[in-house]
Each structure stands twice: as structure tokens, then as C-alpha cells.
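Structure file structure.csv (CSV, C-alpha atoms) is printed below.
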```
chain,number,residue,atom,x,y,z
A,30,MET,CA,-12.7,-14.7,1.1
A,31,ASN,CA,-9.0,-13.9,0.3
A,32,THR,CA,-7.7,-10.4,-0.5
A,33,ALA,CA,-7.5,-11.0,-4.2
A,34,ASP,CA,-11.2,-11.8,-4.4
A,35,GLN,CA,-12.1,-8.6,-2.6
A,36,LEU,CA,-10.4,-6.4,-5.2
A,37,PRO,CA,-12.4,-5.1,-8.2
A,38,GLU,CA,-12.1,-6.7,-11.5
A,39,ASP,CA,-10.5,-4.7,-14.4
A,40,ILE,CA,-11.4,-4.9,-18.1
A,41,ARG,CA,-7.7,-5.2,-19.0
A,42,GLY,CA,-7.4,-8.7,-17.4
A,43,GLU,CA,-6.9,-10.5,-14.1
A,44,ALA,CA,-3.4,-9.1,-13.5
A,45,TYR,CA,-4.9,-5.6,-13.2
A,46,THR,CA,-6.9,-4.1,-10.4
A,47,GLY,CA,-7.7,-0.4,-11.3
A,48,ALA,CA,-6.9,3.0,-9.8
A,49,ALA,CA,-9.5,2.6,-7.1
A,50,THR,CA,-7.4,-0.1,-5.5
A,51,CYS,CA,-4.2,2.0,-5.7
A,52,VAL,CA,-5.9,4.8,-3.8
A,53,LYS,CA,-6.3,2.6,-0.7
A,54,CYS,CA,-2.5,3.1,0.0
A,55,HIS,CA,-1.6,6.1,-2.1
A,56,LYS,CA,-4.2,8.8,-1.2
A,57,ASN,CA,-1.6,11.7,-1.4
A,58,ILE,CA,-0.4,10.7,-4.8
A,59,GLU,CA,-4.0,10.3,-6.0
A,60,GLN,CA,-5.0,13.8,-5.0
A,61,SER,CA,-2.2,15.3,-6.9
A,62,PHE,CA,-2.2,13.0,-10.0
A,63,THR,CA,-5.9,13.4,-10.7
A,64,HIS,CA,-5.4,17.1,-11.2
A,65,ASN,CA,-2.3,16.9,-13.5
A,66,ALA,CA,-2.2,16.7,-17.3
A,67,HIS,CA,-1.8,12.9,-17.3
A,68,GLY,CA,-4.9,12.3,-15.1
A,69,LEU,CA,-6.9,14.9,-17.1
A,70,THR,CA,-5.9,13.9,-20.6
A,71,SER,CA,-9.4,12.5,-21.1
A,72,LYS,CA,-12.6,12.3,-19.0
A,73,PRO,CA,-16.4,12.0,-19.4
A,74,ILE,CA,-18.2,15.3,-19.6
A,75,THR,CA,-20.2,16.6,-16.7
A,76,ASP,CA,-22.5,19.6,-17.5
A,77,GLN,CA,-21.3,21.5,-14.5
A,78,GLN,CA,-17.7,21.4,-15.5
A,79,LEU,CA,-18.6,22.4,-19.1
A,80,LEU,CA,-20.7,25.3,-18.0
A,81,ALA,CA,-17.7,26.7,-16.2
A,82,VAL,CA,-15.8,26.8,-19.4
A,83,PHE,CA,-18.2,28.4,-21.8
A,84,ALA,CA,-20.4,30.6,-19.5
A,85,PRO,CA,-18.3,33.8,-20.1
A,86,ASP,CA,-18.3,33.5,-23.9
A,87,SER,CA,-20.7,34.2,-26.7
A,88,ASN,CA,-20.8,30.5,-27.5
A,89,VAL,CA,-21.5,31.2,-31.2
A,90,PHE,CA,-19.0,30.5,-33.9
A,91,ARG,CA,-19.9,31.9,-37.3
A,92,TYR,CA,-18.3,30.3,-40.4
A,93,ASP,CA,-20.0,32.9,-42.7
A,94,ALA,CA,-23.2,34.8,-42.9
A,95,HIS,CA,-25.2,31.6,-43.4
A,96,GLN,CA,-23.5,29.0,-41.2
A,97,LYS,CA,-22.8,28.8,-37.5
A,98,VAL,CA,-22.3,26.4,-34.6
A,99,VAL,CA,-23.8,27.3,-31.2
A,100,ILE,CA,-23.0,25.8,-27.8
A,101,GLU,CA,-26.4,25.2,-26.3
A,102,LYS,CA,-27.7,23.8,-23.0
A,103,ARG,CA,-30.7,21.5,-23.4
A,104,ALA,CA,-32.6,19.1,-21.2
A,105,GLU,CA,-30.5,16.2,-22.3
A,106,GLY,CA,-27.2,18.0,-21.8
A,107,ILE,CA,-24.9,20.4,-23.6
A,108,PHE,CA,-24.7,20.3,-27.4
A,109,GLN,CA,-22.7,21.7,-30.4
A,110,VAL,CA,-25.6,22.7,-32.7
A,111,ALA,CA,-25.1,23.6,-36.4
A,112,TYR,CA,-27.4,26.0,-38.2
A,113,VAL,CA,-27.7,27.0,-41.8
A,114,ASP,CA,-29.8,30.1,-42.4
A,115,ARG,CA,-31.1,29.8,-38.9
A,116,LYS,CA,-32.3,26.3,-39.4
A,117,GLU,CA,-30.9,23.5,-37.2
A,118,VAL,CA,-29.2,20.8,-39.3
A,119,GLN,CA,-27.2,18.9,-36.8
A,120,ALA,CA,-26.8,18.7,-33.0
A,121,GLN,CA,-24.4,16.4,-31.0
A,122,LYS,CA,-23.9,16.2,-27.3
A,123,PHE,CA,-20.6,16.8,-25.5
A,124,ASP,CA,-19.7,13.3,-24.2
A,125,VAL,CA,-15.9,13.3,-23.8
A,126,VAL,CA,-13.3,16.0,-23.2
A,127,PHE,CA,-9.6,15.6,-24.2
A,128,GLY,CA,-6.9,17.8,-22.6
A,129,SER,CA,-6.2,19.5,-19.3
A,130,GLY,CA,-7.2,22.9,-20.5
A,131,GLU,CA,-3.8,24.4,-20.1
A,132,LYS,CA,-3.8,25.0,-23.9
A,133,ALA,CA,-7.1,23.7,-25.1
A,134,TYR,CA,-10.0,21.3,-24.7
A,135,THR,CA,-11.1,19.2,-27.5
A,136,TYR,CA,-14.5,17.3,-27.4
A,137,ALA,CA,-16.1,14.2,-28.8
A,138,TYR,CA,-19.5,12.5,-29.0
A,139,TRP,CA,-20.5,8.9,-29.1
A,140,LYS,CA,-22.6,7.6,-32.0
A,141,GLY,CA,-23.3,3.9,-31.4
A,142,LYS,CA,-19.9,2.2,-31.0
A,143,LYS,CA,-17.9,5.0,-32.7
A,144,LEU,CA,-16.4,8.2,-31.2
A,145,TYR,CA,-16.3,11.4,-33.3
A,146,GLU,CA,-14.6,14.7,-32.7
A,147,LEU,CA,-16.8,17.8,-32.4
A,148,PRO,CA,-16.2,20.7,-34.8
A,149,LEU,CA,-15.3,23.3,-32.1
A,150,SER,CA,-12.6,23.3,-29.5
A,151,TYR,CA,-12.0,25.7,-26.6
A,152,PHE,CA,-8.6,27.4,-26.7
A,153,SER,CA,-7.3,28.9,-23.5
A,154,VAL,CA,-5.0,31.4,-25.2
A,155,ILE,CA,-8.0,33.2,-26.7
A,156,ARG,CA,-10.5,32.1,-24.0
A,157,ASN,CA,-13.0,31.3,-26.7
A,158,TRP,CA,-14.1,28.7,-29.2
A,159,ALA,CA,-12.4,28.0,-32.5
A,160,ILE,CA,-12.4,25.4,-35.2
A,161,SER,CA,-10.9,22.1,-34.0
A,162,PRO,CA,-7.4,21.6,-35.4
A,163,GLY,CA,-7.3,20.1,-38.9
A,164,PHE,CA,-11.0,20.8,-39.5
A,165,PRO,CA,-12.2,22.7,-42.6
A,166,LYS,CA,-12.8,26.4,-42.2
A,167,GLN,CA,-15.5,26.7,-44.8
A,168,THR,CA,-18.2,24.7,-43.0
A,169,PHE,CA,-18.9,22.6,-39.9
A,170,TYR,CA,-17.8,19.0,-39.8
A,171,TYR,CA,-19.0,16.2,-37.5
A,172,ASP,CA,-17.6,13.1,-39.1
A,173,ARG,CA,-14.0,12.9,-38.0
A,174,PRO,CA,-13.6,9.6,-36.1
A,175,ILE,CA,-11.5,9.2,-33.0
A,176,GLY,CA,-10.1,5.7,-33.1
A,177,SER,CA,-8.3,3.4,-30.6
A,178,ARG,CA,-4.9,4.7,-31.8
A,179,CYS,CA,-5.8,8.2,-30.5
A,180,LEU,CA,-7.0,6.7,-27.2
A,181,GLU,CA,-3.8,4.8,-26.8
A,182,CYS,CA,-2.2,8.1,-25.7
A,183,HIS,CA,-5.2,9.8,-24.3
A,184,ALA,CA,-6.7,7.0,-22.2
A,185,SER,CA,-5.7,3.8,-20.4
A,186,TYR,CA,-7.7,1.3,-22.3
A,187,VAL,CA,-10.6,0.7,-24.6
A,188,ASP,CA,-11.9,-2.6,-26.0
A,189,LYS,CA,-12.2,-2.6,-29.8
A,190,LYS,CA,-13.5,-4.8,-32.6
A,191,VAL,CA,-11.9,-4.6,-36.0
A,192,THR,CA,-13.7,-6.0,-39.1
A,193,GLN,CA,-12.2,-6.4,-42.5
A,194,THR,CA,-14.5,-4.5,-44.9
A,195,SER,CA,-12.5,-5.0,-48.1
A,196,GLY,CA,-9.0,-6.1,-49.2
A,197,VAL,CA,-7.4,-2.9,-48.0
A,198,SER,CA,-9.8,-1.3,-45.4
A,199,THR,CA,-11.2,-2.1,-42.0
A,200,ASP,CA,-13.9,-0.9,-39.7
A,201,GLU,CA,-13.4,-0.3,-36.0
A,202,GLU,CA,-15.9,-0.4,-33.2
A,203,LEU,CA,-15.2,0.8,-29.7
A,204,GLU,CA,-16.9,-0.6,-26.6
A,205,ARG,CA,-17.9,2.6,-24.7
A,206,GLY,CA,-18.3,0.9,-21.4
A,207,THR,CA,-14.7,-0.4,-21.4
A,208,LEU,CA,-13.0,3.0,-21.9
A,209,ILE,CA,-10.7,3.8,-18.9
A,210,TYR,CA,-10.3,7.6,-19.0
A,211,GLY,CA,-7.0,9.4,-18.4
A,212,ILE,CA,-3.6,7.8,-17.9
A,213,ASP,CA,-4.0,5.7,-14.7
A,214,CYS,CA,-1.5,4.2,-12.3
A,215,GLU,CA,-1.2,0.8,-14.1
A,216,ARG,CA,-0.7,2.4,-17.5
A,217,CYS,CA,2.7,3.6,-16.2
A,218,HIS,CA,3.6,1.1,-13.5
A,219,GLY,CA,2.2,-2.0,-15.1
A,220,PRO,CA,-0.4,-4.5,-13.8
A,221,GLY,CA,-0.9,-4.0,-10.0
A,222,ARG,CA,-3.1,-6.7,-8.6
A,223,GLN,CA,-0.3,-8.9,-7.3
A,224,HIS,CA,1.4,-5.8,-5.8
A,225,ALA,CA,-1.9,-4.7,-4.1
A,226,VAL,CA,-2.6,-8.1,-2.7
A,227,PHE,CA,0.9,-8.5,-1.2
A,228,HIS,CA,0.9,-5.1,0.5
A,229,LEU,CA,-2.6,-5.3,1.8
A,230,GLU,CA,-1.8,-8.6,3.3
A,231,ASN,CA,1.7,-7.4,4.5
A,232,PRO,CA,1.2,-3.7,5.5
A,233,GLU,CA,4.4,-3.7,7.5
A,234,GLU,CA,6.4,-4.3,4.3
A,235,LYS,CA,7.4,-0.8,3.0
A,236,THR,CA,9.6,-1.9,0.0
A,237,ALA,CA,7.4,-2.0,-3.1
A,238,LYS,CA,7.0,-5.5,-4.5
A,239,PHE,CA,5.5,-6.8,-7.8
A,240,ILE,CA,5.3,-3.4,-9.5
A,241,ALA,CA,7.5,-1.4,-11.8
A,242,ILE,CA,9.6,1.1,-9.9
A,243,TYR,CA,11.2,3.7,-12.2
A,244,LYS,CA,14.5,4.1,-10.3
A,245,THR,CA,15.2,0.4,-11.0
A,246,LEU,CA,14.8,0.8,-14.8
A,247,SER,CA,17.7,1.5,-17.2
A,248,ARG,CA,17.9,4.9,-18.9
A,249,LYS,CA,16.5,3.5,-22.1
A,250,GLN,CA,13.7,1.8,-20.3
A,251,LYS,CA,12.7,5.0,-18.6
A,252,MET,CA,12.8,6.9,-21.9
A,253,ASP,CA,10.8,4.2,-23.7
A,254,ALA,CA,8.1,4.3,-21.0
A,255,CYS,CA,7.6,8.0,-21.6
A,256,GLY,CA,8.1,7.5,-25.4
A,257,VAL,CA,4.9,5.4,-25.6
A,258,CYS,CA,3.0,8.6,-25.8
A,259,HIS,CA,5.7,11.3,-26.2
A,260,SER,CA,7.9,10.1,-29.1
A,261,GLY,CA,5.7,11.6,-31.7
A,262,ASN,CA,5.0,11.5,-35.4
A,263,ALA,CA,8.1,9.6,-36.7
A,264,LEU,CA,6.7,6.3,-35.4
A,265,VAL,CA,4.1,3.9,-36.7
A,266,ALA,CA,2.3,1.6,-34.3
A,267,GLN,CA,2.9,-2.1,-35.1
A,268,LYS,CA,0.7,-3.3,-32.2
A,269,SER,CA,-1.4,-1.6,-29.5
A,270,VAL,CA,0.7,0.2,-26.9
A,271,PHE,CA,-2.1,-0.5,-24.4
A,272,GLY,CA,-0.1,-3.7,-23.9
A,273,PHE,CA,3.2,-1.8,-23.2
A,274,GLN,CA,4.6,-2.4,-19.7
A,275,PRO,CA,7.6,-0.6,-18.1
A,276,GLY,CA,10.7,-2.4,-19.0
A,277,ASP,CA,9.4,-3.3,-22.5
A,278,HIS,CA,11.3,-2.1,-25.6
A,279,LEU,CA,9.5,0.6,-27.5
A,280,ASP,CA,10.9,-0.9,-30.8
A,281,ASP,CA,8.7,-3.9,-30.3
A,282,TYR,CA,5.6,-1.6,-30.6
A,283,TYR,CA,6.6,1.1,-33.0
A,284,ALA,CA,8.5,1.3,-36.3
A,285,GLN,CA,10.1,4.4,-37.8
A,286,ASP,CA,8.0,6.2,-40.4
A,287,PHE,CA,10.8,7.0,-42.9
A,288,ALA,CA,8.3,7.8,-45.6
A,289,GLY,CA,6.5,10.3,-43.5
A,290,PHE,CA,7.6,13.1,-41.2
A,291,GLY,CA,10.8,11.4,-40.1
A,292,SER,CA,12.8,12.4,-37.0
A,293,ALA,CA,15.4,14.8,-38.4
A,294,ASP,CA,13.2,17.8,-37.4
A,295,PRO,CA,10.6,16.5,-35.0
A,296,ASP,CA,7.5,18.6,-34.5
A,297,VAL,CA,7.0,20.1,-31.1
A,298,HIS,CA,3.6,18.3,-30.7
A,299,GLY,CA,4.1,14.9,-29.2
A,300,ASN,CA,7.8,14.6,-29.9
A,301,GLN,CA,9.1,15.4,-26.5
A,302,THR,CA,11.4,12.4,-26.1
A,303,GLU,CA,13.0,12.8,-29.5
A,304,MET,CA,13.6,16.6,-29.0
A,305,LEU,CA,15.1,15.9,-25.6
A,306,LYS,CA,17.4,13.3,-27.0
A,307,GLY,CA,18.8,15.8,-29.5
A,308,SER,CA,19.7,18.3,-26.7
A,309,ASN,CA,23.2,18.7,-25.4
A,310,CYS,CA,21.8,18.4,-21.8
A,311,TYR,CA,20.8,14.9,-22.6
A,312,ARG,CA,23.7,13.9,-24.9
A,313,LYS,CA,26.3,15.1,-22.4
A,314,SER,CA,24.7,13.3,-19.5
A,315,GLU,CA,24.8,9.6,-18.8
A,316,THR,CA,21.7,9.7,-16.5
A,317,MET,CA,19.3,12.4,-17.6
A,318,THR,CA,15.8,11.2,-18.5
A,319,CYS,CA,12.3,12.8,-18.6
A,320,GLN,CA,12.1,12.0,-14.8
A,321,SER,CA,15.0,14.3,-14.1
A,322,CYS,CA,12.7,17.2,-14.5
A,323,HIS,CA,9.2,15.6,-14.4
A,324,ASN,CA,7.5,13.7,-11.6
A,325,THR,CA,4.1,12.7,-13.1
A,326,HIS,CA,2.6,12.4,-9.6
A,327,GLU,CA,3.0,16.2,-9.2
A,328,ASN,CA,0.6,18.9,-10.3
A,329,ILE,CA,3.0,21.7,-11.1
A,330,LYS,CA,2.2,22.2,-14.8
A,331,GLY,CA,3.3,25.7,-15.8
A,332,ASN,CA,5.3,26.4,-12.6
A,333,LEU,CA,8.4,27.8,-14.3
A,334,LYS,CA,10.2,28.6,-11.0
A,335,ILE,CA,10.2,25.0,-9.8
A,336,TYR,CA,11.3,23.7,-13.2
A,337,SER,CA,14.0,26.3,-13.3
A,338,GLN,CA,15.4,25.2,-10.0
A,339,ARG,CA,15.8,21.8,-11.4
A,340,CYS,CA,17.8,23.2,-14.3
A,341,ILE,CA,20.1,25.0,-11.8
A,342,THR,CA,20.9,21.8,-10.0
A,343,CYS,CA,23.1,21.0,-13.0
A,344,HIS,CA,23.9,24.5,-14.2
A,345,GLN,CA,24.9,26.4,-11.1
A,346,ASP,CA,28.0,27.9,-12.9
A,347,SER,CA,26.4,28.8,-16.2
A,348,LYS,CA,27.5,32.1,-17.8
A,349,HIS,CA,25.1,34.5,-19.5
A,350,SER,CA,25.7,37.3,-22.0
A,351,GLU,CA,25.1,40.9,-21.1
A,352,ALA,CA,22.0,40.9,-23.2
A,353,THR,CA,20.6,37.9,-21.3
A,354,LEU,CA,21.6,39.3,-17.9
A,355,ALA,CA,19.6,42.5,-18.8
A,356,LYS,CA,16.4,40.5,-18.9
A,357,GLY,CA,16.7,39.5,-15.2
A,358,SER,CA,14.9,36.6,-13.4
A,359,LEU,CA,17.5,34.1,-14.5
A,360,SER,CA,17.1,31.9,-11.5
A,361,THR,CA,13.4,31.8,-11.7
A,362,ASN,CA,12.8,31.3,-15.4
A,363,CYS,CA,15.3,29.3,-17.4
A,364,ILE,CA,12.5,27.7,-19.3
A,365,ASP,CA,11.2,30.5,-21.5
A,366,CYS,CA,14.7,31.1,-22.9
A,367,HIS,CA,16.0,27.6,-23.2
A,368,MET,CA,12.8,25.7,-23.9
A,369,PRO,CA,10.6,28.4,-25.6
A,370,LYS,CA,7.1,27.9,-26.9
A,371,ILE,CA,7.2,27.4,-30.6
A,372,PRO,CA,4.4,26.9,-33.2
A,373,SER,CA,3.5,23.3,-34.1
A,374,LYS,CA,4.0,22.5,-37.8
A,375,LEU,CA,1.1,20.0,-37.6
A,376,ILE,CA,-1.5,21.8,-35.5
A,377,THR,CA,-3.1,25.2,-36.1
A,378,PHE,CA,-6.6,26.5,-35.4
A,379,GLN,CA,-9.0,28.8,-37.1
A,380,GLN,CA,-10.7,31.7,-35.3
A,381,ALA,CA,-13.9,33.2,-36.4
A,382,GLY,CA,-13.6,36.3,-38.7
A,383,LYS,CA,-9.9,35.8,-39.3
A,384,ALA,CA,-8.4,34.8,-42.7
A,385,ASP,CA,-5.2,33.3,-41.4
A,386,LEU,CA,-4.7,30.3,-39.2
A,387,SER,CA,-3.6,30.9,-35.6
A,388,ALA,CA,-0.4,29.2,-34.4
A,389,TYR,CA,-0.7,26.5,-31.7
A,390,LEU,CA,2.3,27.1,-29.4
A,391,LEU,CA,3.8,24.3,-27.5
A,392,ARG,CA,6.9,24.0,-25.2
A,393,SER,CA,10.0,22.8,-27.0
A,394,HIS,CA,11.8,20.0,-25.3
A,395,HIS,CA,14.9,20.6,-27.4
A,396,ILE,CA,16.9,22.3,-24.6
A,397,GLY,CA,19.3,24.8,-26.2
A,398,ILE,CA,20.6,28.3,-26.6
A,399,TYR,CA,18.1,30.3,-28.6
A,400,PRO,CA,18.5,33.9,-29.9
A,401,VAL,CA,17.7,36.5,-27.3
A,402,ASN,CA,14.4,38.3,-28.1
A,403,LYS,CA,14.9,41.9,-28.8
```
Could I get this file's structure written as C-alpha cells?
Amino acid sequence: MNTADQLPEDIRGEAYTGAATCVKCHKNIEQSFTHNAHGLTSKPITDQQLLAVFAPDSNVFRYDAHQKVVIEKRAEGIFQVAYVDRKEVQAQKFDVVFGSGEKAYTYAYWKGKKLYELPLSYFSVIRNWAISPGFPKQTFYYDRPIGSRCLECHASYVDKKVTQTSGVSTDEELERGTLIYGIDCERCHGPGRQHAVFHLENPEEKTAKFIAIYKTLSRKQKMDACGVCHSGNALVAQKSVFGFQPGDHLDDYYAQDFAGFGSADPDVHGNQTEMLKGSNCYRKSETMTCQSCHNTHENIKGNLKIYSQRCITCHQDSKHSEATLAKGSLSTNCIDCHMPKIPSKLITFQQAGKADLSAYLLRSHHIGIYPVNK
């Protein structure tokens, strides 16, 4: 039996091999990557992990004196259970979690071949449950579908079946068993079976063959590769980006949504590449890309000191005002001043007992000089 026949099959096709094969030669990268935001952007629920999240909290969210949703552990798993006047009216099991938890966890449940978002999300900033973004605040809601378009940026693959139900509408079914959770190696580096076969058969060869290496890509190709998931709301998918491979042109997959949000003032959620491109750091450089600051193999999310050191490699001679100098820690935290967290215009969340929506703060990737906080 040859090497190719010994490798696992992959739902994406014969050119792919799956992350389990990559680990054979890249154990160190795998250990770091599985704990970073890309690796954790979606995963199946395990009760033990979920218990660690909600154990300290009350686990009861009250909409009003009559309606509430309770997080409950039952024999079949952990559920979000809706009650009206103490009578159970709906219960759905936690099946999938989205997000690394740095800001929030959002959850979903399977119903046949459809995936639906659960009404409550867990927000790290308040260390408690609140209404999932975009959901009504008057009552619980279990019917928001999560389609393949959402999974294109929160997973590595899912097989779907689309049926035309009328002249203007379609119905989509997802094959649960085909869902590849998280962003895996081949999502960013392209199909890897030929690469794996070659290097397993030629272990003495240390130059990577038959795989996309980012240092060999052009600046645009690097930005397009990140822009698949990080170019935001000004784009409309023309075809599934599950098919995107490094070196492809993003314009072949997305079109500008000029009738929608546009790109003049991109929202902080999901628009990292467009915000970066509008920054002087990017515009005055011929080489800066997302990879200048980010190595997706690392697990350093939130480590402002390390990111600040990367700023200083290009800004060793930067001058600061007296007001800024008075704040101190300039060499260990460039980020909070020049890439502050700002409220998303598209995402907010509702806390129990509060009339106003709470802001969902995200790190701006428009690097700039912002007013000094008083």
C-alpha cells in the first residue's frame, strides 16, 4: 500500500487530507493553533467544557415577570429551557459553540439538517448570560437559522443541499456529519494531500513542496487570504469561499455591496482588512500585511506587550505628546491608544433588567492617532 492510500479521506475531496495528517509533522504548531481564536472559532459542545462556563452564574435570564430562559443540565446534556409562567414551553440542547470566549460564546442546536442559534450567549465582559446579538428583547427566540454562509467564516467545510422552493426563495439543508469545525490547516494553506505524501516519503527534504507558503505570495494575495473572513460587511458572496485557496483573487468570490453598508466607514466587526488598508501604517508601507503583526499559528491573543513590540520594530523613533507620555507604559502598550476597542455598529447585546443595549467592543484595526483619554 502506498503512502497516499494510508492517509485519511477528507469530505472536501481527494486533494485534501485533514488536520490529523498535518499533525504527523507539525506537532508544535498544532498544540498552539488548537488553542487560538482560529482553531476555536467553532467546535462541538462537550458538557464538561460548558459546565466550566456557567457553573459560577445564576444561569437564569428573565425577560420579564412571566418569561425566562434557564440553563439546565439534564440526562441528555445541557439545555437552554424557556418557561412561561413556570411552565416549560421549549428546550434545546447545546450542540455547537462559536467563538474563543475572549469576548463571548454563542451557541447553536441541530434540528434535523438545520442549525439554529440559541437565544442566550455568554459574554465574558459581564461573566454572565445575555440575549444573543440581534435577538428580540421582549421574548425568547429559537428560530434563527445558521446557514452555510455563516459557517464559511466559522468552520472549514460543510456539505449543503439547496432546493428552490419558489421563484425567489430557496431552502438549505446542512449535512451535520460533514461539518469540519474551526479553521483548519488546509483552509489557509490549501489542499495538502500531495504535500503530505511527498514529505512522508521524503523526510530528508525540508523545503515545503506542494503547499501554499505565505512568504511566497504577493501582498495582495496575502491580504486576500485573510480577507476571505476578515473583509466584512461591504462584500456579498458570489460563490462559496470554502473553495478559496491561497493565491486566488478575492474578487472572484465577493462583490461590493454598494447598496448596503459600503466600505467608506467599515464596522469594527469583521472588517479588519479594510480598516487596516485605510491606515497610514499600511498605506505608507510597501510590504505591510496582516502577517506583519499576526502569526495565526501562535496563541498570544490579548498579549498587548508582544504586539506592541511588533509596532516598535517600525516606530522606534516615534514622538509622543506630554499628555501621552504622562500615561506611561508606552513600550508595552501601543495597542490601546492606537488600536482602541470601539463599539460595533452592527452588534449589541441585551442584559437582563437593563433598558438600554450594551455595547459590543472590538479592537479597531484602523491604526491611527486617537484623542488622548482624559
Please, which residues in region 183-265 of chain A fall within 8 Å of region 127-144 of chain A when counting only C-alpha atoms, and what is the closest atom pair and distance in Å to one decimal for each, ordered by chain then residue number, as a Markdown table?
```
| residue | atom | partner | partner_atom | distance |
| --- | --- | --- | --- | --- |
| A:His183 | CA | A:Phe127 | CA | 7.3 |
| A:Glu201 | CA | A:Lys143 | CA | 7.7 |
| A:Glu202 | CA | A:Lys142 | CA | 5.3 |
| A:Leu203 | CA | A:Lys142 | CA | 5.1 |
| A:Glu204 | CA | A:Lys142 | CA | 6.0 |
| A:Arg205 | CA | A:Lys142 | CA | 6.6 |
```
Can those selected residues be exported to a file as a PDB file, in the coordinates of the input so that it contains C-alpha atoms?
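Wrote it out as result_31.pdb, contents follow:
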```
ATOM      1  CA  HIS A 183      -5.200   9.800 -24.300  1.00  0.00           C
ATOM      2  CA  GLU A 201     -13.400  -0.300 -36.000  1.00  0.00           C
ATOM      3  CA  GLU A 202     -15.900  -0.400 -33.200  1.00  0.00           C
ATOM      4  CA  LEU A 203     -15.200   0.800 -29.700  1.00  0.00           C
ATOM      5  CA  GLU A 204     -16.900  -0.600 -26.600  1.00  0.00           C
ATOM      6  CA  ARG A 205     -17.900   2.600 -24.700  1.00  0.00           C
TER       7      ARG A 205
END
```
May I have a table of the residues of region 152-261 of chain A lying at most 12 Å from region 96-99 of chain A, giving each one's closest pair of atoms and their distance in Å to one decimal, counting all atoms listed in the file, ordered by chain and ascending residue number, as a Markdown table?
```
| residue | atom | partner | partner_atom | distance |
| --- | --- | --- | --- | --- |
| A:Trp158 | CA | A:Val99 | CA | 10.0 |
| A:Ala159 | CA | A:Val98 | CA | 10.2 |
| A:Ile160 | CA | A:Val98 | CA | 10.0 |
| A:Lys166 | CA | A:Gln96 | CA | 11.1 |
| A:Gln167 | CA | A:Gln96 | CA | 9.1 |
| A:Thr168 | CA | A:Gln96 | CA | 7.1 |
| A:Phe169 | CA | A:Val98 | CA | 7.4 |
| A:Tyr170 | CA | A:Val98 | CA | 10.1 |
| A:Tyr171 | CA | A:Val98 | CA | 11.1 |
```
Atomic separation - CA of Asn300 (chain A) relative to CA of Gly219 (chain A), Å: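 Calculated distance between CA of Gly219 (chain A) and CA of Asn300 (chain A) is 22.9 Å.
Nearest residue to Lys249 (chain A) among A:Pro275, A:Pro73, A:Gly382, A:Gly206 is A:Pro275, counting only C-alpha atoms.
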Ref. answer, residues at most 7 Å from (-15.9, 34.7, -27.0) with all atoms listed in the file, as a ChimeraX atom specification: /A:86-88,156-158
Between CA of Pro400 (chain A) and CA of Thr353 (chain A), distance in Å (one decimal):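 Going from CA of Pro400 (chain A) over to CA of Thr353 (chain A) covers 9.7 Å.
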Local residues around (6.6, 7.9, -23.0), at most 10 Å away, using only C-alpha atoms, as number ranges by chain: A: 182, 217, 250-261, 275, 279, 299-302, 319
For Ala44 (chain A): contacts at 9 Å, all atoms listed in the file, fewer than 6 positions along chain excluded, given as an NGL selection string: :A and (220-223)
Under the rule of at most 9 Å, produce a per-residue listing of region 223-335 of chain A near region 359-365 of chain A: chain, number, name, the closest pair of atoms, and the distance in Å, as JSON lines, using only C-alpha atoms.
```
{"residue": "A:Leu333", "atom": "CA", "partner": "A:Asn362", "partner_atom": "CA", "distance": 5.7}
{"residue": "A:Lys334", "atom": "CA", "partner": "A:Thr361", "partner_atom": "CA", "distance": 4.6}
{"residue": "A:Ile335", "atom": "CA", "partner": "A:Thr361", "partner_atom": "CA", "distance": 7.8}
```
Distance in Å - CA of Ile371 (chain A) versus CA of Met304 (chain A):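 Atom-to-atom, CA of Ile371 (chain A) to CA of Met304 (chain A), that is 12.7 Å.
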Among listed residues A:Val226, A:Val89, A:Cys214, A:Ala120, nearest Ala33 (chain A) (using only C-alpha atoms):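 Result for the nearest residue to Ala33 (chain A): A:Val226.
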Among listed residues A:Ala49, A:Ile100, A:Ile329, A:Ala225, nearest His64 (chain A) (using only C-alpha atoms): A:Ile329
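In terms of minimum interatomic distance to Ala104 (chain A), A:Lys122 ranks closest within A:Gln267, A:Phe152, A:Lys122, A:Asp172, counting all atoms listed in the file.
For the residues A:Cys179, A:Leu246, A:Leu386, A:Met317, ranking by smallest atom-to-atom distance to Gly163 (chain A) using only C-alpha atoms places A:Leu386 first.
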From A:Ser373, A:Arg248, A:Ala94, A:Ile212, residue lying nearest Ser314 (chain A) [only C-alpha atoms]: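 The shortest atom-to-atom distance to Ser314 (chain A) comes from A:Arg248.
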Residue contacts of Tyr389 (chain A) (8 Å, only C-alpha atoms) excluding same-chain residues fewer than 3 positions away, as a count of residues only: 5
